[in-house]
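Trainee: Sharing run.cif (mmCIF, C-alpha atoms and all ligand atoms) below.
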```
data_model
#
loop_
_atom_site.group_PDB
_atom_site.id
_atom_site.type_symbol
_atom_site.label_atom_id
_atom_site.label_comp_id
_atom_site.auth_asym_id
_atom_site.auth_seq_id
_atom_site.Cartn_x
_atom_site.Cartn_y
_atom_site.Cartn_z
ATOM 1 C CA MET A 1 -0.390 -7.062 87.803
ATOM 2 C CA SER A 2 -0.829 -3.312 88.415
ATOM 3 C CA ASP A 3 -4.218 -1.824 89.429
ATOM 4 C CA ALA A 4 -4.550 -0.112 86.031
ATOM 5 C CA THR A 5 -3.804 -3.325 84.131
ATOM 6 C CA GLN A 6 -6.288 -5.237 86.298
ATOM 7 C CA THR A 7 -9.046 -2.683 85.641
ATOM 8 C CA GLN A 8 -8.291 -2.810 81.905
ATOM 9 C CA ALA A 9 -8.402 -6.619 81.976
ATOM 10 C CA ALA A 10 -11.710 -6.490 83.867
ATOM 11 C CA GLU A 11 -13.250 -4.123 81.310
ATOM 12 C CA GLN A 12 -12.126 -6.326 78.427
ATOM 13 C CA THR A 13 -13.502 -9.537 79.898
ATOM 14 C CA GLN A 14 -16.787 -8.091 81.236
ATOM 15 C CA THR A 15 -18.336 -8.381 77.790
ATOM 16 C CA THR A 16 -17.773 -12.155 77.858
ATOM 17 C CA ARG A 17 -19.640 -12.599 81.165
ATOM 18 C CA LYS A 18 -23.378 -12.893 80.655
ATOM 19 C CA PRO A 19 -25.219 -10.641 83.128
ATOM 20 C CA LEU A 20 -27.266 -12.537 85.707
ATOM 21 C CA ILE A 21 -30.345 -11.025 87.322
ATOM 22 C CA ALA A 22 -31.303 -13.228 90.251
ATOM 23 C CA GLY A 23 -34.333 -12.986 92.518
ATOM 24 C CA ASN A 24 -34.044 -14.423 96.027
ATOM 25 C CA TRP A 25 -37.589 -14.880 97.269
ATOM 26 C CA LYS A 26 -36.403 -15.776 100.792
ATOM 27 C CA MET A 27 -39.345 -17.208 102.821
ATOM 28 C CA ASN A 28 -42.057 -15.789 100.559
ATOM 29 C CA PHE A 29 -44.592 -17.440 98.202
ATOM 30 C CA ASP A 30 -46.071 -20.918 98.639
ATOM 31 C CA HIS A 31 -46.043 -23.273 95.649
ATOM 32 C CA LEU A 32 -49.300 -21.898 94.210
ATOM 33 C CA GLN A 33 -48.032 -18.328 94.431
ATOM 34 C CA ALA A 34 -44.760 -19.485 92.888
ATOM 35 C CA ILE A 35 -46.580 -20.911 89.865
ATOM 36 C CA ALA A 36 -48.603 -17.721 89.415
ATOM 37 C CA PHE A 37 -45.470 -15.573 89.745
ATOM 38 C CA VAL A 38 -43.373 -17.569 87.279
ATOM 39 C CA GLN A 39 -46.188 -17.656 84.715
ATOM 40 C CA LYS A 40 -46.702 -13.909 84.955
ATOM 41 C CA LEU A 41 -42.964 -13.201 84.831
ATOM 42 C CA ALA A 42 -42.563 -15.407 81.750
ATOM 43 C CA TRP A 43 -45.465 -13.661 79.969
ATOM 44 C CA THR A 44 -44.202 -10.207 80.927
ATOM 45 C CA LEU A 45 -40.696 -10.928 79.640
ATOM 46 C CA LYS A 46 -42.057 -12.604 76.506
ATOM 47 C CA ASP A 47 -44.263 -9.570 75.755
ATOM 48 C CA ALA A 48 -41.186 -7.396 76.210
ATOM 49 C CA GLN A 49 -39.232 -9.728 73.861
ATOM 50 C CA HIS A 50 -36.621 -10.310 76.511
ATOM 51 C CA ASP A 51 -33.537 -12.089 75.156
ATOM 52 C CA TYR A 52 -32.386 -14.605 77.786
ATOM 53 C CA ASN A 53 -29.149 -15.083 75.809
ATOM 54 C CA ASP A 54 -28.355 -11.459 76.487
ATOM 55 C CA VAL A 55 -29.346 -11.301 80.168
ATOM 56 C CA GLU A 56 -29.847 -14.467 82.218
ATOM 57 C CA VAL A 57 -32.695 -14.567 84.725
ATOM 58 C CA ALA A 58 -32.882 -16.823 87.783
ATOM 59 C CA VAL A 59 -35.244 -17.182 90.737
ATOM 60 C CA PHE A 60 -34.559 -18.751 94.119
ATOM 61 C CA PRO A 61 -37.855 -19.987 95.574
ATOM 62 C CA PRO A 62 -38.323 -21.794 98.897
ATOM 63 C CA PHE A 63 -37.551 -25.537 98.699
ATOM 64 C CA THR A 64 -41.252 -26.446 98.778
ATOM 65 C CA ASP A 65 -41.853 -24.518 95.519
ATOM 66 C CA LEU A 66 -39.023 -26.008 93.483
ATOM 67 C CA ARG A 67 -40.913 -29.011 92.100
ATOM 68 C CA SER A 68 -43.738 -26.728 90.914
ATOM 69 C CA VAL A 69 -41.264 -24.331 89.304
ATOM 70 C CA GLN A 70 -39.481 -27.241 87.607
ATOM 71 C CA THR A 71 -42.767 -28.584 86.216
ATOM 72 C CA LEU A 72 -43.732 -25.182 84.842
ATOM 73 C CA VAL A 73 -40.305 -24.421 83.374
ATOM 74 C CA GLN A 74 -40.242 -27.799 81.618
ATOM 75 C CA ALA A 75 -43.870 -27.770 80.433
ATOM 76 C CA ASP A 76 -43.647 -24.240 79.016
ATOM 77 C CA LYS A 77 -40.005 -24.614 77.885
ATOM 78 C CA LEU A 78 -39.038 -21.479 79.794
ATOM 79 C CA GLU A 79 -35.476 -20.214 79.694
ATOM 80 C CA LEU A 80 -35.735 -19.128 83.311
ATOM 81 C CA LYS A 81 -33.084 -20.593 85.627
ATOM 82 C CA TYR A 82 -33.767 -21.476 89.241
ATOM 83 C CA GLY A 83 -32.119 -22.782 92.354
ATOM 84 C CA GLY A 84 -32.331 -23.419 96.091
ATOM 85 C CA GLN A 85 -31.663 -20.826 98.770
ATOM 86 C CA ASP A 86 -29.433 -23.129 100.814
ATOM 87 C CA VAL A 87 -28.041 -26.668 100.790
ATOM 88 C CA SER A 88 -26.766 -29.253 103.234
ATOM 89 C CA THR A 89 -23.092 -30.038 103.635
ATOM 90 C CA HIS A 90 -24.164 -33.725 103.605
ATOM 91 C CA MET A 91 -25.367 -35.822 100.679
ATOM 92 C CA SER A 92 -27.776 -38.117 102.550
ATOM 93 C CA GLY A 93 -28.460 -39.674 105.943
ATOM 94 C CA ALA A 94 -29.758 -38.771 109.371
ATOM 95 C CA TYR A 95 -29.810 -34.983 109.009
ATOM 96 C CA THR A 96 -33.335 -33.927 109.942
ATOM 97 C CA GLY A 97 -34.516 -30.887 108.039
ATOM 98 C CA GLU A 98 -31.601 -30.810 105.615
ATOM 99 C CA ILE A 99 -31.826 -30.774 101.797
ATOM 100 C CA SER A 100 -28.984 -32.306 99.796
ATOM 101 C CA ALA A 101 -27.374 -30.900 96.671
ATOM 102 C CA ASN A 102 -28.322 -34.108 94.854
ATOM 103 C CA PHE A 103 -32.004 -33.502 95.642
ATOM 104 C CA LEU A 104 -31.717 -30.014 94.132
ATOM 105 C CA LYS A 105 -29.923 -31.377 91.090
ATOM 106 C CA GLN A 106 -32.693 -33.947 90.586
ATOM 107 C CA LEU A 107 -35.143 -31.014 90.399
ATOM 108 C CA ASP A 108 -32.955 -29.567 87.613
ATOM 109 C CA CYS A 109 -31.803 -26.632 89.698
ATOM 110 C CA ASP A 110 -29.009 -24.678 88.047
ATOM 111 C CA TYR A 111 -27.804 -22.803 91.102
ATOM 112 C CA VAL A 112 -27.867 -22.805 94.866
ATOM 113 C CA ILE A 113 -27.220 -19.879 97.201
ATOM 114 C CA VAL A 114 -24.659 -20.513 99.934
ATOM 115 C CA GLY A 115 -23.486 -18.178 102.669
ATOM 116 C CA HIS A 116 -26.314 -15.661 102.529
ATOM 117 C CA SER A 117 -25.871 -13.287 105.469
ATOM 118 C CA GLU A 118 -29.248 -14.382 106.840
ATOM 119 C CA ARG A 119 -27.712 -17.884 107.146
ATOM 120 C CA ARG A 120 -24.302 -16.690 108.329
ATOM 121 C CA TYR A 121 -25.665 -14.540 111.131
ATOM 122 C CA ARG A 122 -29.126 -15.857 112.073
ATOM 123 C CA HIS A 123 -28.137 -19.515 111.695
ATOM 124 C CA VAL A 124 -24.536 -18.985 112.794
ATOM 125 C CA GLU A 125 -22.960 -20.600 109.738
ATOM 126 C CA SER A 126 -19.166 -20.523 109.784
ATOM 127 C CA ASP A 127 -16.823 -20.034 106.835
ATOM 128 C CA GLU A 128 -16.038 -23.785 107.097
ATOM 129 C CA THR A 129 -19.721 -24.711 106.818
ATOM 130 C CA ILE A 130 -20.163 -22.403 103.844
ATOM 131 C CA ALA A 131 -17.064 -23.879 102.156
ATOM 132 C CA ALA A 132 -18.524 -27.370 102.686
ATOM 133 C CA LYS A 133 -21.876 -26.271 101.226
ATOM 134 C CA ALA A 134 -20.188 -24.711 98.195
ATOM 135 C CA LYS A 135 -18.225 -27.942 97.668
ATOM 136 C CA ALA A 136 -21.351 -30.098 98.059
ATOM 137 C CA ALA A 137 -23.108 -27.958 95.441
ATOM 138 C CA LYS A 138 -20.176 -28.153 93.041
ATOM 139 C CA ASP A 139 -19.812 -31.917 93.505
ATOM 140 C CA ALA A 140 -23.505 -32.390 92.650
ATOM 141 C CA GLY A 141 -23.149 -30.346 89.441
ATOM 142 C CA LEU A 142 -24.835 -27.197 90.733
ATOM 143 C CA VAL A 143 -23.320 -23.740 90.432
ATOM 144 C CA PRO A 144 -22.953 -22.279 93.935
ATOM 145 C CA LEU A 145 -23.861 -18.613 94.285
ATOM 146 C CA ILE A 146 -21.554 -17.651 97.128
ATOM 147 C CA CYS A 147 -22.674 -14.632 99.160
ATOM 148 C CA VAL A 148 -20.202 -12.460 101.034
ATOM 149 C CA GLY A 149 -20.533 -9.088 102.701
ATOM 150 C CA GLU A 150 -19.596 -6.951 105.657
ATOM 151 C CA THR A 151 -21.829 -5.723 108.473
ATOM 152 C CA ALA A 152 -21.980 -2.093 109.603
ATOM 153 C CA LYS A 153 -19.971 -3.168 112.653
ATOM 154 C CA ASP A 154 -17.250 -4.672 110.438
ATOM 155 C CA LEU A 155 -16.921 -1.281 108.770
ATOM 156 C CA GLU A 156 -15.992 0.322 112.091
ATOM 157 C CA ARG A 157 -12.870 -1.841 112.227
ATOM 158 C CA HIS A 158 -12.017 -2.881 108.684
ATOM 159 C CA GLU A 159 -11.796 -1.719 105.094
ATOM 160 C CA PRO A 160 -15.086 -2.452 103.282
ATOM 161 C CA SER A 161 -13.518 -5.282 101.275
ATOM 162 C CA ALA A 162 -11.650 -6.975 104.160
ATOM 163 C CA VAL A 163 -14.454 -9.182 105.531
ATOM 164 C CA PRO A 164 -15.983 -10.104 102.142
ATOM 165 C CA ALA A 165 -12.516 -10.983 100.774
ATOM 166 C CA ASN A 166 -11.804 -13.247 103.774
ATOM 167 C CA GLN A 167 -15.209 -14.885 103.484
ATOM 168 C CA LEU A 168 -14.563 -15.570 99.803
ATOM 169 C CA ARG A 169 -11.101 -17.024 100.439
ATOM 170 C CA GLY A 170 -12.696 -19.364 102.985
ATOM 171 C CA ALA A 171 -15.511 -20.426 100.663
ATOM 172 C CA LEU A 172 -13.154 -21.260 97.780
ATOM 173 C CA ILE A 173 -10.864 -23.537 99.739
ATOM 174 C CA ASP A 174 -11.927 -26.670 97.816
ATOM 175 C CA PHE A 175 -12.212 -25.007 94.400
ATOM 176 C CA LYS A 176 -9.871 -25.558 91.460
ATOM 177 C CA PRO A 177 -9.049 -23.355 88.465
ATOM 178 C CA GLY A 178 -11.896 -23.547 85.954
ATOM 179 C CA ASP A 179 -14.631 -24.400 88.485
ATOM 180 C CA ASP A 180 -17.953 -22.597 87.993
ATOM 181 C CA PHE A 181 -19.346 -20.409 90.733
ATOM 182 C CA VAL A 182 -20.979 -17.011 91.084
ATOM 183 C CA ILE A 183 -20.172 -14.489 93.808
ATOM 184 C CA ALA A 184 -22.740 -12.122 95.304
ATOM 185 C CA TYR A 185 -21.331 -9.140 97.168
ATOM 186 C CA GLU A 186 -24.056 -8.127 99.592
ATOM 187 C CA PRO A 187 -23.122 -5.519 102.187
ATOM 188 C CA VAL A 188 -25.278 -6.602 105.127
ATOM 189 C CA TRP A 189 -26.059 -2.986 106.009
ATOM 190 C CA ALA A 190 -27.743 -2.502 102.616
ATOM 191 C CA ILE A 191 -29.953 -5.622 102.704
ATOM 192 C CA GLY A 192 -33.599 -4.709 103.091
ATOM 193 C CA ALA A 193 -32.483 -1.219 104.100
ATOM 194 C CA GLY A 194 -34.144 0.630 101.234
ATOM 195 C CA SER A 195 -30.844 2.346 100.595
ATOM 196 C CA ALA A 196 -28.241 0.538 98.492
ATOM 197 C CA ALA A 197 -24.463 0.869 98.386
ATOM 198 C CA THR A 198 -23.240 3.284 95.754
ATOM 199 C CA ALA A 199 -22.064 1.888 92.453
ATOM 200 C CA GLU A 200 -18.560 3.039 93.372
ATOM 201 C CA GLN A 201 -18.653 1.104 96.671
ATOM 202 C CA ALA A 202 -19.908 -2.009 94.861
ATOM 203 C CA GLN A 203 -17.224 -1.732 92.169
ATOM 204 C CA ASN A 204 -14.422 -1.245 94.711
ATOM 205 C CA VAL A 205 -15.307 -4.406 96.621
ATOM 206 C CA ALA A 206 -16.130 -6.403 93.461
ATOM 207 C CA SER A 207 -12.712 -5.619 92.034
ATOM 208 C CA VAL A 208 -11.030 -6.841 95.242
ATOM 209 C CA LEU A 209 -13.138 -10.014 95.116
ATOM 210 C CA ARG A 210 -12.101 -10.649 91.520
ATOM 211 C CA ASN A 211 -8.532 -10.284 92.669
ATOM 212 C CA VAL A 212 -9.138 -12.888 95.391
ATOM 213 C CA VAL A 213 -10.332 -15.292 92.691
ATOM 214 C CA ARG A 214 -7.339 -14.363 90.523
ATOM 215 C CA GLN A 215 -4.903 -15.103 93.340
ATOM 216 C CA ALA A 216 -6.638 -18.331 94.374
ATOM 217 C CA LEU A 217 -7.582 -19.799 91.002
ATOM 218 C CA GLY A 218 -5.823 -17.841 88.267
ATOM 219 C CA GLU A 219 -6.645 -15.254 85.638
ATOM 220 C CA GLU A 220 -8.917 -17.401 83.473
ATOM 221 C CA THR A 221 -11.234 -18.255 86.358
ATOM 222 C CA ALA A 222 -11.179 -14.636 87.576
ATOM 223 C CA ALA A 223 -12.095 -13.415 84.102
ATOM 224 C CA LYS A 224 -15.058 -15.746 83.671
ATOM 225 C CA THR A 225 -16.529 -15.581 87.197
ATOM 226 C CA ARG A 226 -19.593 -13.411 87.577
ATOM 227 C CA ILE A 227 -19.819 -11.091 90.571
ATOM 228 C CA LEU A 228 -23.259 -9.776 91.522
ATOM 229 C CA TYR A 229 -24.177 -6.898 93.775
ATOM 230 C CA GLY A 230 -27.069 -7.320 96.247
ATOM 231 C CA GLY A 231 -28.698 -5.018 98.775
ATOM 232 C CA SER A 232 -31.761 -2.819 98.086
ATOM 233 C CA VAL A 233 -31.507 -3.181 94.301
ATOM 234 C CA LYS A 234 -34.463 -1.736 92.405
ATOM 235 C CA ALA A 235 -35.282 -0.748 88.838
ATOM 236 C CA ASP A 236 -34.203 2.812 89.538
ATOM 237 C CA ASN A 237 -30.688 1.998 90.792
ATOM 238 C CA ILE A 238 -29.654 -1.106 88.846
ATOM 239 C CA VAL A 239 -28.150 0.734 85.889
ATOM 240 C CA GLY A 240 -25.399 2.277 88.013
ATOM 241 C CA PHE A 241 -24.343 -1.169 89.236
ATOM 242 C CA MET A 242 -24.446 -2.718 85.770
ATOM 243 C CA LYS A 243 -22.096 -0.042 84.470
ATOM 244 C CA CYS A 244 -19.385 -1.150 86.914
ATOM 245 C CA PRO A 245 -16.685 -3.170 85.132
ATOM 246 C CA ASP A 246 -16.565 -5.847 87.844
ATOM 247 C CA VAL A 247 -20.308 -6.124 88.540
ATOM 248 C CA ASP A 248 -22.000 -8.687 86.312
ATOM 249 C CA GLY A 249 -25.505 -8.736 87.722
ATOM 250 C CA VAL A 250 -27.585 -8.374 90.837
ATOM 251 C CA LEU A 251 -29.114 -10.517 93.569
ATOM 252 C CA VAL A 252 -32.465 -8.972 94.397
ATOM 253 C CA GLY A 253 -34.515 -9.655 97.519
ATOM 254 C CA GLY A 254 -37.603 -7.532 98.226
ATOM 255 C CA ALA A 255 -37.928 -6.083 94.731
ATOM 256 C CA SER A 256 -37.909 -9.577 93.186
ATOM 257 C CA LEU A 257 -41.341 -10.301 94.733
ATOM 258 C CA ASP A 258 -43.168 -7.954 92.395
ATOM 259 C CA VAL A 259 -43.383 -9.212 88.810
ATOM 260 C CA GLU A 260 -43.450 -5.803 87.152
ATOM 261 C CA GLY A 261 -40.658 -4.466 89.349
ATOM 262 C CA PHE A 262 -38.476 -7.534 88.831
ATOM 263 C CA ALA A 263 -39.129 -7.509 85.065
ATOM 264 C CA ALA A 264 -38.066 -3.850 84.978
ATOM 265 C CA ILE A 265 -34.804 -4.813 86.724
ATOM 266 C CA VAL A 266 -34.259 -7.642 84.209
ATOM 267 C CA ARG A 267 -34.842 -5.159 81.380
ATOM 268 C CA TYR A 268 -32.356 -2.623 82.763
ATOM 269 C CA LYS A 269 -30.785 -2.085 79.357
ATOM 270 C CA LYS A 270 -34.035 -0.563 78.129
ATOM 271 C CA HIS A 271 -33.753 2.317 80.543
ATOM 272 C CA ALA A 272 -30.017 2.831 80.321
ATOM 273 C CA THR A 273 -27.773 4.665 77.948
ATOM 274 C CA TYR A 274 -24.777 2.472 77.217
HETATM 275 O O1 LIG B 1 -30.571 -12.014 98.572
HETATM 276 C C1 LIG B 1 -30.898 -10.832 98.457
HETATM 277 C C2 LIG B 1 -30.436 -9.819 99.355
HETATM 278 O O2 LIG B 1 -30.491 -10.194 100.681
HETATM 279 C C3 LIG B 1 -30.947 -8.440 99.063
HETATM 280 O O3 LIG B 1 -32.214 -8.213 99.631
HETATM 281 P P1 LIG B 1 -32.944 -6.815 99.335
HETATM 282 O O4 LIG B 1 -32.944 -6.633 97.836
HETATM 283 O O5 LIG B 1 -34.319 -6.990 99.900
HETATM 284 O O6 LIG B 1 -32.146 -5.768 100.020
#
```
Please re-express this file's structure in structure tokens.
Mentor:
Amino acid sequence: MSDATQTQAAEQTQTTRKPLIAGNWKMNFDHLQAIAFVQKLAWTLKDAQHDYNDVEVAVFPPFTDLRSVQTLVQADKLELKYGGQDVSTHMSGAYTGEISANFLKQLDCDYVIVGHSERRYRHVESDETIAAKAKAAKDAGLVPLICVGETAKDLERHEPSAVPANQLRGALIDFKPGDDFVIAYEPVWAIGAGSAATAEQAQNVASVLRNVVRQALGEETAAKTRILYGGSVKADNIVGFMKCPDVDGVLVGGASLDVEGFAAIVRYKKHATY
């Protein structure tokens, strides 16, 4: 398929992919703060008449908050999705400190993040480990949100898309056509930096990543798979990313910890001209 045909195909299918705005809280908020945050977010979005069918919203609290979030979501019948920030490659047994995908599923998690750069680099997780985590999530009925991204050092030696594309190929090794997963392209140099990639940079890598999915799992899977951008996303830069044909949402870190700021990101269509 030529580049032009691929871009045209991407533009046509983007409308069928529901945008996902995801907040990764990282190691912030205890369970009481989590309850207060989710309640306030739900009220803010309700007041703003947010349509969750139009734009999906998910939060990724620390493990210790998940039961509280589940209780609140169920009691108040919230349409908010949630998930874990990491998962074990194992399902049960003598793995001190690990949390299995089945445990997350039992808490009605929808998603789980795998391969975040803070795990890849600070916890030295290999592509093989991340592939095993993505498989464990899938096998338990969770949708893995697979993070990929290049460091500033990678950029000295490679094209921007080279490392993320390789990471994605590695993570998808056990996936079949039709499987559900989400990809988050997070250039490591933009995470927590205060300065994001440009929309053009995000689109260029996202389109390569969609091609990786196309080559590995076929056109149908490539067309339905959502690709998020992450790295210093805020209310004042999200619109540029959401206009990219291959970007279907964002994974927000720091700016997801402020209810008003995160709600403004969720409501990006209100401050955009489409
Ligand atoms: O998971 C989220 C990313 O690491 C982005 O974090 P950030 O929005 O604070 O740059």
Trainee: Looking at all atoms listed in the file, which of A:Glu56, A:Glu128, A:Glu150, A:Asp65 is the one that sits closest to Asp30 (chain A)?
Mentor: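 Looking only at the distances to Asp30 (chain A), the closest residue turns out to be A:Asp65.
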Trainee: Which residues are close to Ala199 (chain A), i.e. within 7 Å by only C-alpha atoms, leaving aside same-chain residues fewer than 5 positions away? Reply as a ChimeraX atom specification.
Mentor: /A:240-241,244
Trainee: Take the residues from that selection and put them in a file with C-alpha atoms, as an mmCIF file, in the coordinates of the input.
Mentor:
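Result file out.cif:
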```cif
data_model
loop_
_atom_site.group_PDB
_atom_site.id
_atom_site.type_symbol
_atom_site.label_atom_id
_atom_site.label_comp_id
_atom_site.auth_asym_id
_atom_site.auth_seq_id
_atom_site.Cartn_x
_atom_site.Cartn_y
_atom_site.Cartn_z
ATOM 1 C CA GLY A 240 -25.399 2.277 88.013
ATOM 2 C CA PHE A 241 -24.343 -1.169 89.236
ATOM 3 C CA CYS A 244 -19.385 -1.150 86.914
#
```
Trainee: Given the file shown, determine the residues that the PyMOL selection byres (((not hetatm)) within 6 of (chain B and resi 1)) selects; report them as a PyMOL selection string.
Mentor: chain A and resi 24+191-192+230-233+251-255
Trainee: Report the residues retrieved by the PyMOL selection byres (((chain A and resi 213) around 12) and not hetatm) from the displayed file, expressed as a VMD selection string.
Mentor: chain A and resid 165 to 173 175 to 183 206 to 212 214 to 227
Trainee: For each of A:Ala197, A:Ala36, A:Ala131, A:Leu104, take the minimum atom-to-atom distance to Tyr82 (chain A), counting only C-alpha atoms, then give the residue where this is smallest.
Mentor: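 Closest residue, counting only C-alpha atoms: A:Leu104.
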Trainee: Work out how far apart CA of Ile35 (chain A) and CA of Tyr52 (chain A) are and give it in Å to one decimal.
Mentor: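 For CA of Ile35 (chain A) relative to CA of Tyr52 (chain A), the distance reads 19.7 Å.
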Trainee: Translate the PyMOL selection byres (((chain A and resi 107) around 12) and not hetatm) into a concrete residue list for this structure, as a PDB file with C-alpha atoms, keeping the file's coordinate frame.
Mentor:
```pdb
ATOM      1  CA  PHE A  63     -37.551 -25.537  98.699  1.00  0.00           C
ATOM      2  CA  THR A  64     -41.252 -26.446  98.778  1.00  0.00           C
ATOM      3  CA  ASP A  65     -41.853 -24.518  95.519  1.00  0.00           C
ATOM      4  CA  LEU A  66     -39.023 -26.008  93.483  1.00  0.00           C
ATOM      5  CA  ARG A  67     -40.913 -29.011  92.100  1.00  0.00           C
ATOM      6  CA  SER A  68     -43.738 -26.728  90.914  1.00  0.00           C
ATOM      7  CA  VAL A  69     -41.264 -24.331  89.304  1.00  0.00           C
ATOM      8  CA  GLN A  70     -39.481 -27.241  87.607  1.00  0.00           C
ATOM      9  CA  THR A  71     -42.767 -28.584  86.216  1.00  0.00           C
ATOM     10  CA  LEU A  72     -43.732 -25.182  84.842  1.00  0.00           C
ATOM     11  CA  VAL A  73     -40.305 -24.421  83.374  1.00  0.00           C
ATOM     12  CA  GLN A  74     -40.242 -27.799  81.618  1.00  0.00           C
ATOM     13  CA  LYS A  81     -33.084 -20.593  85.627  1.00  0.00           C
ATOM     14  CA  TYR A  82     -33.767 -21.476  89.241  1.00  0.00           C
ATOM     15  CA  GLY A  83     -32.119 -22.782  92.354  1.00  0.00           C
ATOM     16  CA  GLY A  84     -32.331 -23.419  96.091  1.00  0.00           C
ATOM     17  CA  ILE A  99     -31.826 -30.774 101.797  1.00  0.00           C
ATOM     18  CA  SER A 100     -28.984 -32.306  99.796  1.00  0.00           C
ATOM     19  CA  ALA A 101     -27.374 -30.900  96.671  1.00  0.00           C
ATOM     20  CA  ASN A 102     -28.322 -34.108  94.854  1.00  0.00           C
ATOM     21  CA  PHE A 103     -32.004 -33.502  95.642  1.00  0.00           C
ATOM     22  CA  LEU A 104     -31.717 -30.014  94.132  1.00  0.00           C
ATOM     23  CA  LYS A 105     -29.923 -31.377  91.090  1.00  0.00           C
ATOM     24  CA  GLN A 106     -32.693 -33.947  90.586  1.00  0.00           C
ATOM     25  CA  ASP A 108     -32.955 -29.567  87.613  1.00  0.00           C
ATOM     26  CA  CYS A 109     -31.803 -26.632  89.698  1.00  0.00           C
ATOM     27  CA  ASP A 110     -29.009 -24.678  88.047  1.00  0.00           C
ATOM     28  CA  TYR A 111     -27.804 -22.803  91.102  1.00  0.00           C
ATOM     29  CA  VAL A 112     -27.867 -22.805  94.866  1.00  0.00           C
ATOM     30  CA  ALA A 140     -23.505 -32.390  92.650  1.00  0.00           C
ATOM     31  CA  LEU A 142     -24.835 -27.197  90.733  1.00  0.00           C
TER      32      LEU A 142
END
```
Trainee: Do you know which residues are at most 6 Å from Ile146 (chain A) counting only C-alpha atoms, after dropping those on the same chain fewer than 4 positions away, and could you put them as a PyMOL selection string?
Mentor: chain A and resi 114-115+183-184
Trainee: Given the selection you just returned, output its residues as a file containing C-alpha atoms, formatted as a compact mmCIF listing (two decimals), keeping the file's coordinate frame.
Mentor:
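Written output follows (again_2.txt):
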```txt
# COMPACT_ATOMS: atom_id res chain seq x y z
CA VAL A 114 -24.66 -20.51 99.93
CA GLY A 115 -23.49 -18.18 102.67
CA ILE A 183 -20.17 -14.49 93.81
CA ALA A 184 -22.74 -12.12 95.30
```
Trainee: With all atoms listed in the file as the counted atoms, please give the residues lying no more than 10 Å from Lys153 (chain A), apart from itself and same-chain residues fewer than 4 positions off, as a PyMOL selection string.
Mentor: chain A and resi 157-158+188-189
Trainee: Compare A:Ile113, A:Pro160, A:Asn237, A:Val266 by their minimum atom-to-atom distance to Gly194 (chain A), counting all atoms listed in the file, and give me the closest one.
Mentor: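 Nearest to Gly194 (chain A): A:Asn237.
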Trainee: Provide the CA of Val148 (chain A) to CA of Pro164 (chain A) distance in Å, to one decimal place.
Mentor: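 That distance, rounded to one decimal, is 5.0 Å.
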Trainee: Do you know which residues are at most 8 Å from Glu98 (chain A) counting all atoms listed in the file, after dropping those on the same chain fewer than 3 positions away, and could you put them as a list in words?
Mentor: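 Returned residues: Val87, Ser88 and Tyr95 of chain A.
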Trainee: Measure the distance from CA of Glu125 (chain A) to CA of Pro19 (chain A) in Å and round it to one decimal.
Mentor: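 Going from CA of Glu125 (chain A) over to CA of Pro19 (chain A) covers 28.5 Å.
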